[in-house]
$ cat entry-v1.pdb   # PDB, C-alpha atoms
ATOM      1  CA  SER A   1      78.989 -69.330  16.387
ATOM      2  CA  SER A   2      78.307 -71.382  19.526
ATOM      3  CA  THR A   3      77.555 -75.028  20.206
ATOM      4  CA  GLU A   4      75.038 -76.268  22.790
ATOM      5  CA  THR A   5      75.351 -79.810  24.139
ATOM      6  CA  TYR A   6      72.374 -81.564  25.706
ATOM      7  CA  LEU A   7      73.545 -84.329  28.016
ATOM      8  CA  ALA A   8      70.253 -85.567  29.451
ATOM      9  CA  THR A   9      67.348 -84.958  27.089
ATOM     10  CA  GLU A  10      64.720 -87.331  28.479
ATOM     11  CA  GLY A  11      64.033 -85.473  31.729
ATOM     12  CA  TYR A  12      61.170 -83.073  32.397
ATOM     13  CA  THR A  13      60.073 -80.122  34.484
ATOM     14  CA  THR A  14      56.698 -79.221  35.926
ATOM     15  CA  HIS A  15      55.006 -75.934  35.158
ATOM     16  CA  THR A  16      55.974 -74.578  38.582
ATOM     17  CA  GLU A  17      59.681 -75.007  37.866
ATOM     18  CA  ALA A  18      61.651 -72.630  35.718
ATOM     19  CA  VAL A  19      64.665 -74.804  34.951
ATOM     20  CA  GLN A  20      65.614 -78.465  34.918
ATOM     21  CA  LYS A  21      67.564 -78.301  38.188
ATOM     22  CA  THR A  22      66.170 -75.409  40.215
ATOM     23  CA  GLY A  23      68.864 -73.212  41.724
ATOM     24  CA  ASP A  24      71.766 -74.814  39.873
ATOM     25  CA  THR A  25      73.526 -74.053  36.635
ATOM     26  CA  PHE A  26      74.543 -76.493  33.960
ATOM     27  CA  LEU A  27      78.120 -76.641  35.267
ATOM     28  CA  ASP A  28      77.304 -77.616  38.845
ATOM     29  CA  THR A  29      78.145 -81.044  40.257
ATOM     30  CA  TYR A  30      75.366 -83.034  41.902
ATOM     31  CA  VAL A  31      73.853 -86.472  42.335
ATOM     32  CA  MET A  32      71.019 -86.760  39.820
ATOM     33  CA  LEU A  33      68.366 -87.732  42.375
ATOM     34  CA  PRO A  34      65.855 -85.765  44.443
ATOM     35  CA  GLN A  35      67.318 -84.547  47.731
ATOM     36  CA  ASP A  36      65.869 -85.432  51.102
ATOM     37  CA  MET A  37      65.089 -82.866  53.817
ATOM     38  CA  TYR A  38      68.742 -82.926  54.907
ATOM     39  CA  GLY A  39      70.187 -82.410  51.428
ATOM     40  CA  ASN A  40      71.240 -86.041  51.009
ATOM     41  CA  TYR A  41      70.093 -88.873  48.727
ATOM     42  CA  ARG A  42      68.800 -92.462  48.947
ATOM     43  CA  VAL A  43      68.629 -95.455  46.603
ATOM     44  CA  ALA A  44      66.373 -98.467  47.238
ATOM     45  CA  GLY A  45      68.479-101.587  46.766
ATOM     46  CA  ALA A  46      68.073-105.299  47.412
ATOM     47  CA  GLU A  47      70.077-108.202  48.752
ATOM     48  CA  GLY A  48      71.974-109.898  45.934
ATOM     49  CA  GLU A  49      71.442-107.074  43.422
ATOM     50  CA  THR A  50      73.351-104.023  42.173
ATOM     51  CA  SER A  51      71.739-100.584  42.307
ATOM     52  CA  LEU A  52      72.676 -97.635  40.137
ATOM     53  CA  CYS A  53      72.316 -93.878  39.900
ATOM     54  CA  GLN A  54      74.113 -91.167  37.963
ATOM     55  CA  VAL A  55      76.132 -88.120  38.979
ATOM     56  CA  MET A  56      76.764 -84.981  36.950
ATOM     57  CA  THR A  57      80.266 -83.740  37.718
ATOM     58  CA  ASN A  58      82.261 -80.694  36.687
ATOM     59  CA  ALA A  59      85.542 -81.836  38.220
ATOM     60  CA  THR A  60      88.435 -79.542  37.328
ATOM     61  CA  ASN A  61      91.218 -81.415  39.149
ATOM     62  CA  TYR A  62      92.026 -84.796  40.705
ATOM     63  CA  THR A  63      91.810 -83.737  44.376
ATOM     64  CA  ASP A  64      88.643 -81.702  45.065
ATOM     65  CA  TRP A  65      85.921 -84.027  43.714
ATOM     66  CA  ASN A  66      86.190 -87.016  46.045
ATOM     67  CA  VAL A  67      83.988 -90.087  46.423
ATOM     68  CA  THR A  68      84.192 -92.425  49.428
ATOM     69  CA  VAL A  69      82.381 -95.761  49.209
ATOM     70  CA  ASN A  70      81.545 -97.217  52.631
ATOM     71  CA  TYR A  71      80.879-100.966  52.771
ATOM     72  CA  THR A  72      78.653-103.006  55.070
ATOM     73  CA  ASN A  73      81.712-104.707  56.607
ATOM     74  CA  GLY A  74      83.058-101.366  57.865
ATOM     75  CA  SER A  75      85.746-100.859  55.208
ATOM     76  CA  SER A  76      85.830 -98.038  52.662
ATOM     77  CA  THR A  77      87.539 -96.976  49.439
ATOM     78  CA  SER A  78      88.045 -93.493  48.010
ATOM     79  CA  TYR A  79      88.648 -92.089  44.566
ATOM     80  CA  SER A  80      88.319 -88.808  42.682
ATOM     81  CA  TYR A  81      86.230 -88.015  39.655
ATOM     82  CA  THR A  82      88.201 -87.445  36.482
ATOM     83  CA  PRO A  83      88.377 -83.807  35.371
ATOM     84  CA  VAL A  84      86.034 -82.897  32.547
ATOM     85  CA  VAL A  85      87.665 -83.008  29.132
ATOM     86  CA  THR A  86      86.622 -80.186  26.806
ATOM     87  CA  GLY A  87      84.446 -81.507  24.011
ATOM     88  CA  SER A  88      83.767 -84.845  25.717
ATOM     89  CA  SER A  89      80.723 -85.866  27.758
ATOM     90  CA  ASN A  90      82.264 -89.146  28.966
ATOM     91  CA  THR A  91      83.436 -87.646  32.263
ATOM     92  CA  ILE A  92      80.464 -85.333  32.849
ATOM     93  CA  ILE A  93      77.765 -87.926  33.630
ATOM     94  CA  GLN A  94      79.148 -90.693  35.835
ATOM     95  CA  THR A  95      77.272 -93.934  36.551
ATOM     96  CA  LEU A  96      77.589 -95.152  40.130
ATOM     97  CA  LEU A  97      77.085 -98.916  40.553
ATOM     98  CA  MET A  98      76.394-100.134  44.088
ATOM     99  CA  PRO A  99      76.392-103.867  44.864
ATOM    100  CA  ASP A 100      74.674-105.025  48.051
ATOM    101  CA  THR A 101      78.001-104.749  49.889
ATOM    102  CA  VAL A 102      77.782-100.933  49.734
ATOM    103  CA  ASP A 103      76.185 -99.241  52.751
ATOM    104  CA  ASN A 104      76.503 -95.587  51.684
ATOM    105  CA  VAL A 105      78.591 -93.239  49.563
ATOM    106  CA  ASP A 106      80.034 -89.894  50.715
ATOM    107  CA  PHE A 107      80.650 -87.127  48.174
ATOM    108  CA  ASP A 108      82.860 -84.071  48.541
ATOM    109  CA  PHE A 109      82.323 -81.870  45.504
ATOM    110  CA  ASP A 110      84.893 -79.104  45.921
ATOM    111  CA  GLY A 111      83.848 -78.514  49.539
ATOM    112  CA  GLU A 112      80.138 -79.389  49.195
ATOM    113  CA  THR A 113      79.429 -82.670  50.999
ATOM    114  CA  TYR A 114      76.542 -85.109  50.503
ATOM    115  CA  THR A 115      75.746 -88.696  51.455
ATOM    116  CA  LEU A 116      73.988 -91.260  49.280
ATOM    117  CA  TYR A 117      72.329 -93.931  51.426
ATOM    118  CA  HIS A 118      71.944 -97.421  49.935
ATOM    119  CA  ASP A 119      68.838 -98.847  51.637
ATOM    120  CA  LEU A 120      68.905-102.632  51.265
ATOM    121  CA  PHE A 121      65.717-104.716  51.419
ATOM    122  CA  ASP A 122      65.505-108.504  51.717
ATOM    123  CA  CYS A 123      62.915-110.416  49.676
ATOM    124  CA  ASN A 124      62.867-113.278  52.179
ATOM    125  CA  LYS A 125      62.274-111.098  55.236
ATOM    126  CA  TYR A 126      58.572-111.932  55.408
ATOM    127  CA  ASN A 127      58.712-115.467  53.986
ATOM    128  CA  THR A 128      57.985-118.485  56.182
ATOM    129  CA  PRO A 129      60.825-121.042  56.201
ATOM    130  CA  ILE A 130      59.987-124.635  55.360
ATOM    131  CA  PRO A 131      61.826-127.611  56.895
ATOM    132  CA  GLU A 132      65.299-128.397  55.657
ATOM    133  CA  PRO A 133      65.324-130.944  52.861
ATOM    134  CA  SER A 134      67.465-134.004  53.403
ATOM    135  CA  GLY A 135      71.137-133.232  52.971
ATOM    136  CA  SER A 136      70.672-129.463  52.961
ATOM    137  CA  SER A 137      72.727-127.244  55.239
ATOM    138  CA  ARG A 138      70.173-124.433  55.522
ATOM    139  CA  PRO A 139      66.407-123.866  55.451
ATOM    140  CA  THR A 140      64.757-123.000  52.159
ATOM    141  CA  TYR A 141      61.781-120.784  51.446
ATOM    142  CA  TYR A 142      58.578-121.151  49.506
ATOM    143  CA  ASN A 143      59.193-120.381  45.834
ATOM    144  CA  GLU A 144      62.823-119.606  46.563
ATOM    145  CA  SER A 145      63.640-119.510  42.856
ATOM    146  CA  ILE A 146      61.340-116.529  42.354
ATOM    147  CA  ALA A 147      61.763-114.931  45.785
ATOM    148  CA  LYS A 148      64.049-112.334  44.281
ATOM    149  CA  PRO A 149      63.503-108.613  43.696
ATOM    150  CA  VAL A 150      62.225-107.000  40.542
ATOM    151  CA  MET A 151      64.746-104.264  39.795
ATOM    152  CA  LEU A 152      63.434-101.350  37.731
ATOM    153  CA  ASN A 153      65.868 -99.062  35.930
ATOM    154  CA  TYR A 154      64.320 -95.873  34.618
ATOM    155  CA  VAL A 155      65.127 -92.428  33.261
ATOM    156  CA  ASN A 156      64.203 -89.983  35.997
ATOM    157  CA  LYS A 157      63.183 -86.341  36.050
ATOM    158  CA  LEU A 158      66.737 -85.139  35.525
ATOM    159  CA  GLY A 159      67.220 -87.333  32.477
ATOM    160  CA  ALA A 160      69.462 -89.711  34.451
ATOM    161  CA  LYS A 161      69.196 -93.455  34.940
ATOM    162  CA  ASN A 162      68.158 -94.613  38.393
ATOM    163  CA  SER A 163      67.164 -97.987  39.873
ATOM    164  CA  PHE A 164      64.473 -99.018  42.344
ATOM    165  CA  ALA A 165      64.090-102.418  44.028
ATOM    166  CA  PHE A 166      60.629-103.986  44.398
ATOM    167  CA  THR A 167      61.228-106.726  46.948
ATOM    168  CA  LEU A 168      57.828-107.901  48.140
ATOM    169  CA  LYS A 169      55.401-110.215  46.328
ATOM    170  CA  HIS A 170      55.268-110.078  42.543
ATOM    171  CA  THR A 171      52.920-111.994  40.266
ATOM    172  CA  GLU A 172      52.956-112.700  36.526
ATOM    173  CA  GLU A 173      50.033-112.704  34.100
ATOM    174  CA  ILE A 174      49.789-113.601  30.404
ATOM    175  CA  THR A 175      46.923-112.223  28.303
ATOM    176  CA  SER A 176      46.094-112.661  24.639
ATOM    177  CA  THR A 177      43.587-111.481  22.064
ATOM    178  CA  SER A 178      42.720-113.636  19.077
ATOM    179  CA  GLU A 179      40.450-114.205  16.125
ATOM    180  CA  SER A 180      39.287-117.484  14.566
ATOM    181  CA  PHE A 181      38.497-118.560  11.045
ATOM    182  CA  LYS A 182      36.970-121.644   9.407
ATOM    183  CA  ARG A 183      39.057-123.747   7.080
ATOM    184  CA  ASN A 184      38.473-126.723   4.830
ATOM    185  CA  VAL A 185      39.691-130.024   6.334
ATOM    186  CA  VAL A 186      38.231-132.353   3.695
ATOM    187  CA  ASN A 187      40.504-135.097   2.361
ATOM    188  CA  TYR A 188      39.643-135.178  -1.335
ATOM    189  CA  ASP A 189      41.392-138.521  -1.874
ATOM    190  CA  SER A 190      39.008-140.300   0.509
ATOM    191  CA  LEU A 191      36.200-137.751   0.230
ATOM    192  CA  GLY A 192      36.099-137.626   4.014
ATOM    193  CA  SER A 193      37.211-135.356   6.819
ATOM    194  CA  THR A 194      39.444-135.932   9.813
ATOM    195  CA  ASN A 195      38.814-135.096  13.425
ATOM    196  CA  VAL A 196      42.453-134.362  14.252
ATOM    197  CA  LYS A 197      42.631-131.198  12.146
ATOM    198  CA  HIS A 198      41.386-127.811  13.318
ATOM    199  CA  ALA A 199      38.318-126.858  11.323
ATOM    200  CA  SER A 200      38.206-123.707  13.422
ATOM    201  CA  ARG A 201      41.668-122.139  13.635
ATOM    202  CA  LYS A 202      42.744-119.458  16.117
ATOM    203  CA  ILE A 203      45.070-116.600  15.193
ATOM    204  CA  VAL A 204      46.686-114.834  18.152
ATOM    205  CA  LYS A 205      46.595-111.126  17.319
ATOM    206  CA  ALA A 206      48.359-109.852  20.439
ATOM    207  CA  SER A 207      49.804-111.265  23.633
ATOM    208  CA  LYS A 208      51.081-109.408  26.680
ATOM    209  CA  GLN A 209      53.075-110.327  29.757
ATOM    210  CA  THR A 210      52.409-108.231  32.864
ATOM    211  CA  PHE A 211      53.747-108.246  36.415
ATOM    212  CA  THR A 212      52.291-106.832  39.599
ATOM    213  CA  ILE A 213      55.157-105.693  41.825
ATOM    214  CA  ASN A 214      55.354-104.348  45.370
ATOM    215  CA  THR A 215      57.788-102.181  47.281
ATOM    216  CA  ASP A 216      58.820-102.943  50.820
ATOM    217  CA  TYR A 217      57.780-100.462  53.518
ATOM    218  CA  ILE A 218      59.797 -97.426  52.532
ATOM    219  CA  ASN A 219      60.978 -94.034  53.673
ATOM    220  CA  GLU A 220      58.731 -91.106  52.735
ATOM    221  CA  TYR A 221      61.610 -89.760  50.666
ATOM    222  CA  TYR A 222      61.023 -92.456  48.056
ATOM    223  CA  VAL A 223      57.541 -91.175  47.166
ATOM    224  CA  GLU A 224      59.150 -88.544  44.938
ATOM    225  CA  GLN A 225      61.251 -91.188  43.177
ATOM    226  CA  LEU A 226      58.148 -93.310  42.565
ATOM    227  CA  GLU A 227      56.388 -90.263  41.110
ATOM    228  CA  GLU A 228      59.271 -89.892  38.663
ATOM    229  CA  LEU A 229      59.074 -93.612  37.904
ATOM    230  CA  ILE A 230      55.398 -93.517  36.945
ATOM    231  CA  LEU A 231      56.031 -90.443  34.750
ATOM    232  CA  SER A 232      59.100 -91.927  33.063
ATOM    233  CA  GLU A 233      58.872 -92.833  29.369
ATOM    234  CA  TYR A 234      61.793 -95.268  29.560
ATOM    235  CA  VAL A 235      61.710 -98.125  32.075
ATOM    236  CA  TRP A 236      63.534-101.462  32.067
ATOM    237  CA  ALA A 237      63.062-104.402  34.438
ATOM    238  CA  LYS A 238      65.437-107.076  35.668
ATOM    239  CA  ILE A 239      63.338-110.110  36.622
ATOM    240  CA  SER A 240      65.849-112.834  37.471
ATOM    241  CA  HIS A 241      63.665-115.919  36.943
ATOM    242  CA  ILE A 242      62.497-114.582  33.544
ATOM    243  CA  SER A 243      65.722-113.258  32.039
ATOM    244  CA  SER A 244      69.223-112.206  33.061
ATOM    245  CA  GLU A 245      68.915-109.261  30.676
ATOM    246  CA  LEU A 246      67.029-106.011  31.140
ATOM    247  CA  ILE A 247      63.503-106.141  29.714
ATOM    248  CA  PRO A 248      61.833-102.989  28.315
ATOM    249  CA  VAL A 249      58.584-102.409  30.217
ATOM    250  CA  THR A 250      55.834 -99.833  30.597
ATOM    251  CA  ILE A 251      54.230 -98.747  33.867
ATOM    252  CA  ILE A 252      50.526 -99.123  33.092
ATOM    253  CA  ASP A 253      49.240 -97.547  36.316
ATOM    254  CA  LYS A 254      47.559 -94.230  35.588
ATOM    255  CA  LYS A 255      47.936 -92.546  38.967
ATOM    256  CA  ILE A 256      49.985 -92.486  42.141
ATOM    257  CA  VAL A 257      48.665 -91.423  45.542
ATOM    258  CA  LYS A 258      51.437 -89.477  47.266
ATOM    259  CA  LYS A 259      51.549 -91.014  50.732
ATOM    260  CA  ASN A 260      53.230 -89.585  53.828
ATOM    261  CA  HIS A 261      54.040 -90.917  57.272
ATOM    262  CA  LEU A 262      51.742 -88.452  59.038
ATOM    263  CA  ASN A 263      48.604 -89.684  57.284
ATOM    264  CA  ASP A 264      49.542 -93.153  56.073
ATOM    265  CA  LYS A 265      51.975 -94.395  58.757
ATOM    266  CA  LEU A 266      53.734 -97.242  56.910
ATOM    267  CA  ILE A 267      54.261 -96.438  53.220
ATOM    268  CA  GLN A 268      54.106 -99.192  50.602
ATOM    269  CA  TYR A 269      53.272 -99.125  46.872
ATOM    270  CA  THR A 270      52.022-101.587  44.255
ATOM    271  CA  PHE A 271      52.550-101.125  40.509
ATOM    272  CA  THR A 272      51.724-103.079  37.368
ATOM    273  CA  ILE A 273      54.304-103.266  34.597
ATOM    274  CA  GLU A 274      53.756-104.573  31.083
ATOM    275  CA  VAL A 275      56.538-105.919  28.901
ATOM    276  CA  ALA A 276      56.895-103.484  25.996
ATOM    277  CA  ARG A 277      56.613-106.152  23.301
ATOM    278  CA  ASP A 278      54.320-109.038  22.426
ATOM    279  CA  TYR A 279      54.835-112.198  24.439
ATOM    280  CA  ILE A 280      54.578-114.315  21.266
ATOM    281  CA  ASN A 281      56.967-113.339  18.507
ATOM    282  CA  THR A 282      54.636-112.337  15.659
ATOM    283  CA  ILE A 283      57.492-111.189  13.421
ATOM    284  CA  ARG A 284      58.033-114.205  11.205
TER     285      ARG A 284
END
$ encode --input "entry-v1.pdb" --output "C-alpha cells"
Amino acid sequence: SSTETYLATEGYTTHTEAVQKTGDTFLDTYVMLPQDMYGNYRVAGAEGETSLCQVMTNATNYTDWNVTVNYTNGSSTSYSYTPVVTGSSNTIIQTLLMPDTVDNVDFDFDGETYTLYHDLFDCNKYNTPIPEPSGSSRPTYYNESIAKPVMLNYVNKLGAKNSFAFTLKHTEEITSTSESFKRNVVNYDSLGSTNVKHASRKIVKASKQTFTINTDYINEYYVEQLEELILSEYVWAKISHISSELIPVTIIDKKIVKKNHLNDKLIQYTFTIEVARDYINTIR
C-alpha cells in the first residue's frame, strides 16, 4: 500500500493549468508565491509591521539549502533549512517572517538562486503634518492612532499563507438589520403606563463591520497576488486600532480589473472587507 500526504489543500488551479505548480514536482523547493518576469518574488510590507510568506523545501542536507536575510541597515544573516524528516511535514513548509528591518531575502536551493524583495510602504507618506503639540519632540499626523496599515493574511493559490499590506486610507462602517415588536408597558398596580419604557422594541437580527482599504501605488507584479487574494476562501486582517489579534474577514468585492503599467500607468487598488462574524454577539 502507499500513503499520499497533502500539505497545502486550500489552493486552486485554473482550467488552463494541469497541475498545482506548473513545471515542478511535489519534491521541488520553491517560494510559494507567483514569480516575477525575472524569476524572483516580492512581498508588500509596511513600516512597523511584519510580513510573511511560506516556502516549500526539500532540503536533504545542512549546506545546500541556504537563506540569507539582508537588512535595511546593510547587515545580513544566513542559515540553512533543516533537512526534511521522513514522515514529518514540519520541515517541508517553512514560514518566513519579515519585520520592517528586512530589505530582501536571497535563497540558494541546491544551486538554484532566487531573491524575495520586501517592498515597504509608509502609511504617513501622504499625510499632512500638523504643528507640534506643546512638549512634543516631533510632529504628529492627523488621526495618527489609525494611520497604520491594514495587514491581510490569506491562503494563496498554492495553498500557502501570504500577507499583503494596505497602507493608504481605510474607512470603517457598521451596518445592522432589525425588526421591531409591540409590547405591553401598562403598570397594573397604578393602571397607567410609563413613558420611559419602550412600547416599540427593536431586535437586532444582524450586524456587520466592514472596512474599505487601499493599496499604495504598487508594482505590476502584485496584480497577480491581488487576484489570488480576491479568490481566496480564507483571509484574516490585522487592524491595529481595532484588535491586536487577527480577525477573520471576507473580501466582498466581486471582481478585480487586472491593471498594467502600459494602460493604467500608476497601479492602485481598493477593496472592501467584511468581518466574518456579527458585530454584536448574538450568542447568549
$ atom_distance --input "entry-v1.pdb" --atom1 "CA of Glu49 in chain A" --atom2 "CA of Val155 in chain A"
18.9 Å
$ residues_around --input "entry-v1.pdb" --residues "Leu120 in chain A" --least-positions-apart "4" --cutoff "8 Å" --atoms "all atoms listed in the file" --output "list of chain:residue names"
A:Ala44, A:Gly45, A:Ala46, A:Glu47, A:Asp100
$ write_last_selection --input "entry-v1.pdb" --atoms "C-alpha atoms" --output "PDB file, in the frame of the given file"
ATOM      1  CA  ALA A  44      66.373 -98.467  47.238  1.00  0.00           C
ATOM      2  CA  GLY A  45      68.479-101.587  46.766  1.00  0.00           C
ATOM      3  CA  ALA A  46      68.073-105.299  47.412  1.00  0.00           C
ATOM      4  CA  GLU A  47      70.077-108.202  48.752  1.00  0.00           C
ATOM      5  CA  ASP A 100      74.674-105.025  48.051  1.00  0.00           C
TER       6      ASP A 100
END
$ closest_residue --input "entry-v1.pdb" --among "A:Asp110, A:Arg277, A:Thr14, A:Val102" --to "Asn61 in chain A" --atoms "only C-alpha atoms"
A:Asp110
$ residues_around --input "entry-v1.pdb" --residues "Asn156 in chain A" --least-positions-apart "6" --cutoff "10 Å" --atoms "all atoms listed in the file" --output "VMD selection string"
chain A and resid 8 10 to 12 32 to 34 53 162 to 163 225 to 235
$ atom_distance --input "entry-v1.pdb" --atom1 "CA of Phe107 in chain A" --atom2 "CA of Met37 in chain A"
17.1 Å
$ resolve_selection --input "entry-v1.pdb" --expression "the PyMOL selection byres ((chain A and resi 247) around 12)" --output "ChimeraX atom specification"
/A:150-154,209-210,234-240,242-246,248-250,273-277,279
$ resolve_selection --input "entry-v1.pdb" --expression "the PyMOL selection byres ((chain A and resi 125) around 12)" --output "number ranges by chain"
A: 46-47, 120-124, 126-129, 141, 147-149, 167-169, 216-217
$ atom_distance --input "entry-v1.pdb" --atom1 "CA of Lys258 in chain A" --atom2 "CA of Lys208 in chain A"
28.7 Å
$ axis_aligned_box --input "entry-v1.pdb" --around "range 31-34 of chain A" --padding-each-side "4 Å" --output "JSON"
{"center_x": 69.9, "center_y": -86.7, "center_z": 42.1, "size_x": 16.0, "size_y": 10.0, "size_z": 12.6}
$ closest_residue --input "entry-v1.pdb" --among "A:Asp264, A:Asp36, A:Asp64, A:Asp278" --to "Ile174 in chain A" --atoms "all atoms listed in the file"
A:Asp278
$ resolve_selection --input "entry-v1.pdb" --expression "the PyMOL selection byres ((chain A and resi 206) around 8)" --output "ChimeraX atom specification"
/A:176-178,204-205,207-208,278-280
$ closest_residue --input "entry-v1.pdb" --among "A:Thr57, A:Asn187, A:Asn260, A:Ser78" --to "Tyr221 in chain A" --atoms "only C-alpha atoms"
A:Asn260
$ closest_residue --input "entry-v1.pdb" --among "A:Thr63, A:Ile93, A:Gly74, A:Ser80" --to "Ala160 in chain A" --atoms "only C-alpha atoms"
A:Ile93
$ closest_residue --input "entry-v1.pdb" --among "A:Met56, A:Leu191, A:Leu262, A:Leu96" --to "Leu158 in chain A" --atoms "all atoms listed in the file"
A:Met56
$ closest_residue --input "entry-v1.pdb" --among "A:Ile213, A:Ala199, A:Ile92, A:Val69" --to "Asn184 in chain A" --atoms "all atoms listed in the file"
A:Ala199
$ decode --input "entry-v1.pdb" --residues "range 146-222 of chain A" --atoms "C-alpha atoms" --output "tab-separated table (two decimals), in the first residue's frame"
chain	number	residue	atom	x	y	z
A	146	ILE	CA	-5.37	54.92	12.96
A	147	ALA	CA	-2.75	55.90	10.38
A	148	LYS	CA	-1.46	52.36	10.36
A	149	PRO	CA	-1.69	49.67	7.67
A	150	VAL	CA	-4.34	47.01	7.37
A	151	MET	CA	-2.40	43.78	7.01
A	152	LEU	CA	-4.24	40.96	5.23
A	153	ASN	CA	-3.06	37.37	5.65
A	154	TYR	CA	-4.59	34.94	3.19
A	155	VAL	CA	-4.26	31.45	1.75
A	156	ASN	CA	-2.99	31.90	-1.78
A	157	LYS	CA	-3.22	29.85	-4.95
A	158	LEU	CA	-0.56	27.41	-3.80
A	159	GLY	CA	-2.32	26.76	-0.52
A	160	ALA	CA	0.27	28.82	1.38
A	161	LYS	CA	-0.20	31.75	3.72
A	162	ASN	CA	0.88	35.13	2.39
A	163	SER	CA	0.48	38.72	3.63
A	164	PHE	CA	-0.32	41.98	1.86
A	165	ALA	CA	-0.12	45.49	3.32
A	166	PHE	CA	-2.85	48.04	2.56
A	167	THR	CA	-1.26	51.31	3.62
A	168	LEU	CA	-3.40	54.10	2.21
A	169	LYS	CA	-6.74	55.38	3.54
A	170	HIS	CA	-9.09	52.89	5.18
A	171	THR	CA	-12.58	53.57	6.49
A	172	GLU	CA	-14.89	51.62	8.80
A	173	GLU	CA	-18.65	51.12	8.51
A	174	ILE	CA	-21.18	49.43	10.80
A	175	THR	CA	-24.49	48.19	9.39
A	176	SER	CA	-27.40	46.43	11.04
A	177	THR	CA	-30.74	44.88	10.17
A	178	SER	CA	-33.52	44.72	12.72
A	179	GLU	CA	-37.16	44.03	13.42
A	180	SER	CA	-39.49	45.65	15.96
A	181	PHE	CA	-42.38	44.40	18.02
A	182	LYS	CA	-45.01	45.97	20.28
A	183	ARG	CA	-45.07	45.14	23.95
A	184	ASN	CA	-47.31	45.91	26.89
A	185	VAL	CA	-45.94	48.66	29.17
A	186	VAL	CA	-49.02	49.06	31.39
A	187	ASN	CA	-48.43	49.23	35.14
A	188	TYR	CA	-51.32	47.21	36.54
A	189	ASP	CA	-50.76	48.49	40.08
A	190	SER	CA	-51.48	52.08	39.05
A	191	LEU	CA	-53.48	51.20	35.94
A	192	GLY	CA	-51.28	53.59	33.99
A	193	SER	CA	-48.40	53.46	31.56
A	194	THR	CA	-44.93	54.97	31.66
A	195	ASN	CA	-43.15	56.96	29.01
A	196	VAL	CA	-39.68	55.68	29.90
A	197	LYS	CA	-40.33	52.13	28.70
A	198	HIS	CA	-40.11	51.05	25.07
A	199	ALA	CA	-43.58	50.23	23.81
A	200	SER	CA	-41.95	49.50	20.47
A	201	ARG	CA	-38.86	47.33	20.95
A	202	LYS	CA	-36.13	46.73	18.36
A	203	ILE	CA	-34.43	43.37	17.89
A	204	VAL	CA	-31.13	43.50	16.01
A	205	LYS	CA	-31.15	40.50	13.68
A	206	ALA	CA	-27.71	41.01	12.14
A	207	SER	CA	-24.87	43.49	12.36
A	208	LYS	CA	-21.77	43.74	10.19
A	209	GLN	CA	-18.49	45.62	10.38
A	210	THR	CA	-16.85	46.45	7.05
A	211	PHE	CA	-13.68	48.26	6.03
A	212	THR	CA	-12.71	49.89	2.76
A	213	ILE	CA	-8.96	49.52	2.30
A	214	ASN	CA	-6.48	50.82	-0.27
A	215	THR	CA	-3.10	49.71	-1.54
A	216	ASP	CA	-0.29	52.13	-2.17
A	217	TYR	CA	0.87	52.57	-5.77
A	218	ILE	CA	2.32	49.16	-6.49
A	219	ASN	CA	4.43	47.18	-8.91
A	220	GLU	CA	2.53	45.42	-11.69
A	221	TYR	CA	3.77	42.13	-10.25
A	222	TYR	CA	1.35	42.48	-7.34
